[in-house]
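Report on the following structure.
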Amino acid sequence: MNTRQYHLKSIRPEILNTTIHDSMSGDERFQNLVLRPIIKFQNDLLIAVFKNYITKYKSVFFDLSLEKRLEYIENALQKDTKLRNAVKGMIIGHFTVEEYQIYIENSSALNKRMMNLVKQRLISHIQLFDKPELLTAV
């Protein structure tokens, strides 16, 4: 195993409740063995990137109801090409060469899985996206 491959795999968190069985599809196996650990590893960065994203766009997110915030997250990941590509890059950059070869064979379906996992992760941390406190001079 080459050094890069070894280091990439060694820093990924282990997800204990992941079940792998023979009847699961290759995409599902890739999702559970590669995407989930990488997205979990990148959690803090993904949250920071999304915080920056909602602040950059005039903080309209902060005035939305919870239901609308959930829609905002989904729409941002689906429709904002720059955000979507940045998020994909943060994840794909942690693939081994072998994993990348698997990914490019079915990138469309795997991208959908990837964005769905990121969406679920952001939604599960939605309380972190509350309006930032205004700083006042003392």
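How things are named: the first chain in the structure tokens is A, the next is B, and so on; residues count from 1 in each chain; ligands count from 1 in the order shown.
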| message | Need to verify the contact set: Arg69 in chain A, 12 Å, only C-alpha atoms, exclusion of same-chain residues closer than 5 positions in sequence. Can you return it as a ChimeraX atom specification? | response | /A:54,59-64,74-76,119,122-123,125-127,129-130
| said: List as a list of chain:residue names the protein and nucleic acid residues near range 99-102 of chain A, meaning an atom at most 9 Å away when only C-alpha atoms are counted, but skip any in the same chain fewer than 6 places from it. | reply: A:Phe30, A:Val34, A:Ile92
Would you mind exporting N, CA and C atoms of the selected residues as a compact mmCIF listing (two decimals), in the first residue's frame?
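Everything below was put into result_6.txt:
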```
# COMPACT_ATOMS: atom_id res chain seq x y z
N PHE A 30 -19.84 1.50 -1.70
CA PHE A 30 -18.94 2.64 -1.81
C PHE A 30 -19.39 3.75 -0.84
N VAL A 34 -16.62 4.34 1.89
CA VAL A 34 -15.78 5.46 1.48
C VAL A 34 -16.43 6.81 1.82
N ILE A 92 -13.85 14.27 -2.71
CA ILE A 92 -13.08 13.52 -3.71
C ILE A 92 -11.58 13.63 -3.43
```
| request: Mind listing the helix (DSSP H, G or I) residues of range 19-101 of chain A, per DSSP on the backbone, as a PyMOL selection string? | output: chain A and resi 26-41+43-56+60-63+66-79+81-92+97-101
Writer output for current selection, C-alpha atoms, as a short mmCIF file (atom, residue, chain, number, x, y, z; two decimals), in the first residue's frame:
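Once everything was written out, this is again-v9.cif:
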```cif
data_model
loop_
_atom_site.label_atom_id
_atom_site.label_comp_id
_atom_site.auth_asym_id
_atom_site.auth_seq_id
_atom_site.Cartn_x
_atom_site.Cartn_y
_atom_site.Cartn_z
CA GLY A 26 -21.62 -1.47 -5.40
CA ASP A 27 -22.83 2.12 -4.98
CA GLU A 28 -24.20 1.42 -1.52
CA ARG A 29 -20.97 -0.35 -0.56
CA PHE A 30 -18.94 2.64 -1.81
CA GLN A 31 -21.22 4.98 0.12
CA ASN A 32 -20.79 3.07 3.38
CA LEU A 33 -17.09 2.27 3.09
CA VAL A 34 -15.78 5.46 1.48
CA LEU A 35 -18.23 8.37 1.44
CA ARG A 36 -19.60 8.13 4.98
CA PRO A 37 -16.19 8.04 6.70
CA ILE A 38 -14.81 10.88 4.55
CA ILE A 39 -17.88 13.06 5.10
CA LYS A 40 -17.73 12.39 8.83
CA PHE A 41 -14.02 13.29 8.81
CA ASN A 43 -17.71 17.45 9.15
CA ASP A 44 -16.16 20.55 10.75
CA LEU A 45 -15.00 21.88 7.40
CA LEU A 46 -18.39 21.24 5.77
CA ILE A 47 -20.11 23.14 8.58
CA ALA A 48 -17.64 26.04 8.30
CA VAL A 49 -18.12 26.20 4.53
CA PHE A 50 -21.90 26.25 4.85
CA LYS A 51 -21.76 28.90 7.59
CA ASN A 52 -19.68 31.04 5.26
CA TYR A 53 -22.09 30.35 2.40
CA ILE A 54 -25.19 31.49 4.30
CA THR A 55 -23.41 34.58 5.64
CA LYS A 56 -22.05 35.45 2.19
CA VAL A 60 -31.24 35.54 4.35
CA PHE A 61 -31.02 32.03 5.88
CA PHE A 62 -31.27 33.45 9.41
CA ASP A 63 -34.73 34.93 8.77
CA LEU A 66 -37.01 25.80 10.25
CA GLU A 67 -38.87 24.22 7.33
CA LYS A 68 -37.55 26.86 4.93
CA ARG A 69 -34.01 26.43 6.32
CA LEU A 70 -34.17 22.72 5.48
CA GLU A 71 -35.30 23.58 1.94
CA TYR A 72 -32.52 26.19 1.70
CA ILE A 73 -29.86 23.59 2.55
CA GLU A 74 -31.22 21.15 -0.02
CA ASN A 75 -31.55 23.82 -2.73
CA ALA A 76 -28.08 25.22 -2.06
CA LEU A 77 -26.48 21.79 -2.49
CA GLN A 78 -28.54 20.97 -5.58
CA LYS A 79 -28.56 24.25 -7.45
CA THR A 81 -22.82 24.81 -8.76
CA LYS A 82 -19.93 26.54 -6.98
CA LEU A 83 -20.97 25.23 -3.57
CA ARG A 84 -21.69 21.77 -4.94
CA ASN A 85 -18.33 21.56 -6.69
CA ALA A 86 -16.48 22.84 -3.62
CA VAL A 87 -18.14 20.20 -1.44
CA LYS A 88 -17.44 17.44 -3.98
CA GLY A 89 -13.80 18.54 -4.10
CA MET A 90 -13.48 18.35 -0.31
CA ILE A 91 -14.66 14.76 -0.46
CA ILE A 92 -13.08 13.52 -3.71
CA VAL A 97 -6.61 6.49 -6.60
CA GLU A 98 -8.41 3.14 -6.55
CA GLU A 99 -11.52 4.74 -5.01
CA TYR A 100 -11.39 7.51 -7.59
CA GLN A 101 -11.38 4.90 -10.37
#
```
| Using only C-alpha atoms, which of A:Ser65, A:Thr96, A:Ser124, A:Ser25 sits nearest Asn2 in chain A? |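 The shortest atom-to-atom distance to Asn2 in chain A comes from A:Thr96.
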| field | Exercise: Leu8 in chain A partners within 8 Å, only C-alpha atoms, chain neighbours under 3 positions left out, as a list in words | value |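 Listing them by chain and then by number gives Arg4, Gln5, Ile11, Arg12, His94, Phe95 and Thr96 of chain A.
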Would you put the residues from that selection into a file with N, CA, C and O atoms, as a short mmCIF file (atom, residue, chain, number, x, y, z; two decimals), in the first residue's frame?
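Saved to result-v1.cif:
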```cif
data_model
loop_
_atom_site.label_atom_id
_atom_site.label_comp_id
_atom_site.auth_asym_id
_atom_site.auth_seq_id
_atom_site.Cartn_x
_atom_site.Cartn_y
_atom_site.Cartn_z
N ARG A 4 0.36 7.55 0.45
CA ARG A 4 -0.84 8.38 0.38
C ARG A 4 -2.08 7.57 0.71
O ARG A 4 -2.92 7.98 1.51
N GLN A 5 -2.21 6.43 0.08
CA GLN A 5 -3.37 5.57 0.29
C GLN A 5 -3.46 5.17 1.77
O GLN A 5 -4.53 5.23 2.37
N ILE A 11 -6.72 8.05 8.49
CA ILE A 11 -7.32 9.20 9.17
C ILE A 11 -8.85 9.17 9.16
O ILE A 11 -9.49 9.94 9.87
N ARG A 12 -9.43 8.28 8.40
CA ARG A 12 -10.88 8.21 8.33
C ARG A 12 -11.44 7.62 9.62
O ARG A 12 -10.94 6.62 10.13
N HIS A 94 -10.13 13.26 -0.84
CA HIS A 94 -9.75 12.27 0.16
C HIS A 94 -9.89 10.84 -0.35
O HIS A 94 -9.71 9.89 0.42
N PHE A 95 -10.19 10.69 -1.64
CA PHE A 95 -10.24 9.35 -2.24
C PHE A 95 -8.82 8.85 -2.50
O PHE A 95 -7.93 9.63 -2.82
N THR A 96 -8.65 7.55 -2.41
CA THR A 96 -7.44 6.94 -2.92
C THR A 96 -7.59 6.89 -4.44
O THR A 96 -8.69 7.08 -4.98
#
```
| request: Mind giving me the straight-line distance from CA of His21 in chain A to CA of Tyr103 in chain A in Å, one decimal? | output: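 Here the two named atoms are 19.8 Å from each other.
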